[in-house]
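Here the structure comes first, spelled out in structure tokens, and everything after it is commentary.
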Amino acid sequence: MANDYSQLSDKEVKEDIRKLVIERIKAVSDELEISIGSKTYSKSDILKSLEKEDELGKEIIEIQMEYLKDMARGAIYQSKPQ
Amino acid sequence: MTTAILITRPDHDLITTYLYHWTIYVINEAARRGIKVLDLKKDKANYKIFKSYIKKHQPTLIFFNGHGSVDSIAGYNDEILIRFNYNEKLLAQKIVYARSCDAGGKLGLSCIKKGTLAFIGYRKKYSLGYTPFKVTKPLEDEVARLFLEPSNLIPTSLLKGNKIKDAYRKSQEAMLRNIRFMLSTRATSAQKDAVPYLWVNRKYQVVYGNEEAHI
């Protein structure tokens with residue numbers, strides 16, 4: 001995705017982002033699970049992946065950061081199709 | 001003149017089961033309009049039947065529900081139905097909507113090069129938020145509804161005679177409306193927390209080909 005979390009070279013920034021996403025996921029309702037591709041994930045699955053920083057963890061970070069960046073630039077108030 | 005549309009809807013895992021059930025709204029819309037539906041449900045969503053139905057009935061719209069990748073769209077038990085640089089010609093002169101991961105990348109573009117009229121899909125992974133205690137009743141899942149109603153708008157708008165560009169716009173607008181609802185105080189916590197996933201679905205939903213096309 002456009003944020004390229006995996007490409008970031010600054011380890012401190014990368015770690016800060018990971019911690020931010022972990023805190024966001026900790027706050028997520030237990031009544032939400034997510035299917036990405038062919039697999040399904042609970043909140044605890046996602047937290048484990050973020051701790052390990054495996055492929056799912058990286059994907060979740062990229063989704064969350066892409067969303068946060070887009071919200072910060074006001075994309076939600078643009079009504080044009082993508 | 002529209003004679004038939006073809007729908008694949010396997011149900012071999014949780015996400016395909018959700019897609020299987022939510023596709024019934026599209027089938028009902030087709031029935032209301034007297035349009036024949038070639039319903040490749042469950043294990044009928046296999047390559048042999050898929051290929052023979054396309055050749056025999058020449059459907060004008062093909063609506064895939066199933067797993068995808070950058071170079072394939074799959075059916076029941078992930079059997080490949082369309083593969084990059086192999087059999088995209090099966091989709092020539094057809095409108096395609098692939099509710100599948102990643103197929104809206106190079107595969108969608110390749111389909112257009114090989115004669116597909118228009119292709120709507122997702123060029124990243126397709127995400128679905130759902131409620132764990134509703135998995136046996138997918139149509140009652142108020143989180144999944146926010147994802148699947150806007151995506152159903154692509155085929156239902158086409159069935160109503162809309163052009164590709166209008167079906168795409170309506171789906172985009174519906175996702176945005178749902179996102180705004182999810183951020184409001186009217187949404188449940190689970191609905192709010194699912195916003196990032198619907199956001200990326202919207203962002204990476206793509207349309208290629210002739211946007212004036214219709215069925």
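By order in the structure tokens, chains are A, B, ...; within a chain, residues start at 1; ligands start at 1, following the order shown.
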What's around range 52-60 of chain B at 10 Å? Count only C-alpha atoms, leave out sequence neighbours fewer than 4 positions away in its own chain, and write the answer as a ChimeraX atom specification.
/B:1-7,36-40,47-48,90-96,117,214-215
Identify all chain B residues at most 7 Å from chain A by counting only C-alpha atoms; ligands do not count. Present them as a PDB file with N, CA and C atoms, in the first residue's frame.
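Generated file (iface.pdb):
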```pdb
ATOM      1  N   ILE B  15     -15.490 -16.252   4.507  1.00  0.00           N
ATOM      2  CA  ILE B  15     -15.771 -15.078   3.653  1.00  0.00           C
ATOM      3  C   ILE B  15     -16.605 -15.464   2.444  1.00  0.00           C
ATOM      4  N   HIS B  67     -12.161 -16.108  -3.976  1.00  0.00           N
ATOM      5  CA  HIS B  67     -10.819 -15.588  -3.703  1.00  0.00           C
ATOM      6  C   HIS B  67     -10.111 -15.220  -5.002  1.00  0.00           C
ATOM      7  N   CYS B 101     -10.058 -10.509  -4.002  1.00  0.00           N
ATOM      8  CA  CYS B 101      -8.830  -9.768  -3.708  1.00  0.00           C
ATOM      9  C   CYS B 101      -7.975  -9.596  -4.962  1.00  0.00           C
ATOM     10  N   LYS B 125      -6.132  -6.324  -1.413  1.00  0.00           N
ATOM     11  CA  LYS B 125      -6.954  -7.347  -0.763  1.00  0.00           C
ATOM     12  C   LYS B 125      -8.328  -6.781  -0.386  1.00  0.00           C
ATOM     13  N   TYR B 126      -9.350  -7.599  -0.578  1.00  0.00           N
ATOM     14  CA  TYR B 126     -10.707  -7.206  -0.182  1.00  0.00           C
ATOM     15  C   TYR B 126     -10.896  -7.605   1.284  1.00  0.00           C
ATOM     16  N   SER B 127     -11.279  -6.624   2.088  1.00  0.00           N
ATOM     17  CA  SER B 127     -11.472  -6.882   3.522  1.00  0.00           C
ATOM     18  C   SER B 127     -12.956  -6.898   3.849  1.00  0.00           C
ATOM     19  N   LEU B 128     -13.288  -7.688   4.858  1.00  0.00           N
ATOM     20  CA  LEU B 128     -14.672  -7.733   5.329  1.00  0.00           C
ATOM     21  C   LEU B 128     -14.664  -7.741   6.849  1.00  0.00           C
ATOM     22  N   GLY B 129     -15.343  -6.764   7.437  1.00  0.00           N
ATOM     23  CA  GLY B 129     -15.561  -6.792   8.876  1.00  0.00           C
ATOM     24  C   GLY B 129     -16.822  -7.592   9.144  1.00  0.00           C
ATOM     25  N   TYR B 130     -16.812  -8.384  10.209  1.00  0.00           N
ATOM     26  CA  TYR B 130     -18.003  -9.181  10.531  1.00  0.00           C
ATOM     27  C   TYR B 130     -18.105  -9.378  12.034  1.00  0.00           C
ATOM     28  N   THR B 131     -19.274  -9.845  12.438  1.00  0.00           N
ATOM     29  CA  THR B 131     -19.569 -10.024  13.858  1.00  0.00           C
ATOM     30  C   THR B 131     -19.455 -11.502  14.191  1.00  0.00           C
ATOM     31  N   PRO B 132     -18.544 -11.884  15.079  1.00  0.00           N
ATOM     32  CA  PRO B 132     -18.293 -13.321  15.308  1.00  0.00           C
ATOM     33  C   PRO B 132     -19.545 -14.119  15.682  1.00  0.00           C
ATOM     34  N   ARG B 169     -19.837   4.657  -9.477  1.00  0.00           N
ATOM     35  CA  ARG B 169     -20.041   5.864  -8.665  1.00  0.00           C
ATOM     36  C   ARG B 169     -21.000   5.588  -7.506  1.00  0.00           C
ATOM     37  N   GLN B 172     -19.190   3.630  -4.841  1.00  0.00           N
ATOM     38  CA  GLN B 172     -18.249   4.508  -4.129  1.00  0.00           C
ATOM     39  C   GLN B 172     -18.987   5.426  -3.157  1.00  0.00           C
ATOM     40  N   GLU B 173     -20.065   6.003  -3.630  1.00  0.00           N
ATOM     41  CA  GLU B 173     -20.826   6.926  -2.772  1.00  0.00           C
ATOM     42  C   GLU B 173     -21.443   6.196  -1.583  1.00  0.00           C
ATOM     43  N   SER B 189     -19.622   0.144  18.473  1.00  0.00           N
ATOM     44  CA  SER B 189     -18.152   0.147  18.542  1.00  0.00           C
ATOM     45  C   SER B 189     -17.552  -0.700  17.421  1.00  0.00           C
ATOM     46  N   ALA B 190     -18.151  -1.859  17.208  1.00  0.00           N
ATOM     47  CA  ALA B 190     -17.613  -2.753  16.169  1.00  0.00           C
ATOM     48  C   ALA B 190     -17.703  -2.096  14.796  1.00  0.00           C
ATOM     49  N   ASP B 193     -14.985   0.541  14.555  1.00  0.00           N
ATOM     50  CA  ASP B 193     -13.634  -0.018  14.467  1.00  0.00           C
ATOM     51  C   ASP B 193     -13.344  -0.651  13.105  1.00  0.00           C
ATOM     52  N   PRO B 196     -11.409   1.484   8.969  1.00  0.00           N
ATOM     53  CA  PRO B 196     -10.207   1.469   8.109  1.00  0.00           C
ATOM     54  C   PRO B 196     -10.271   0.433   6.994  1.00  0.00           C
ATOM     55  N   TYR B 197     -10.947  -0.680   7.266  1.00  0.00           N
ATOM     56  CA  TYR B 197     -10.999  -1.767   6.286  1.00  0.00           C
ATOM     57  C   TYR B 197     -11.948  -1.424   5.128  1.00  0.00           C
ATOM     58  N   TRP B 199     -12.558   1.602   4.302  1.00  0.00           N
ATOM     59  CA  TRP B 199     -11.879   2.712   3.619  1.00  0.00           C
ATOM     60  C   TRP B 199     -10.937   2.198   2.527  1.00  0.00           C
ATOM     61  N   VAL B 200     -10.150   1.178   2.851  1.00  0.00           N
ATOM     62  CA  VAL B 200      -9.208   0.680   1.832  1.00  0.00           C
ATOM     63  C   VAL B 200      -9.945  -0.084   0.721  1.00  0.00           C
ATOM     64  N   LYS B 203     -10.974   2.689  -1.517  1.00  0.00           N
ATOM     65  CA  LYS B 203      -9.839   3.332  -2.179  1.00  0.00           C
ATOM     66  C   LYS B 203      -9.291   2.487  -3.342  1.00  0.00           C
TER      67      LYS B 203
END
```
In Å, how far is it from CA of Leu61 in chain B to CA of Leu148 in chain B?
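CA of Leu148 in chain B lies at a distance of 18.7 Å from CA of Leu61 in chain B.
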Measure the distance from CA of Lys89 in chain B to CA of Tyr76 in chain B in Å and round it to one decimal.
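The value is 21.0 Å.
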Run DSSP on the backbone of this structure and report the residues of range 6-178 of chain B it assigns to strand (DSSP E or B), as a ChimeraX atom specification.
/B:6-9,36-41,61-65,68-69,72-74,80-83,95-99,118-122,127-130
DSSP on the backbone: which residues in chain A end up as helix (DSSP H, G or I)? Give the answer as a ChimeraX atom specification.
/A:5-7,11-26,43-52,55-72,75-77
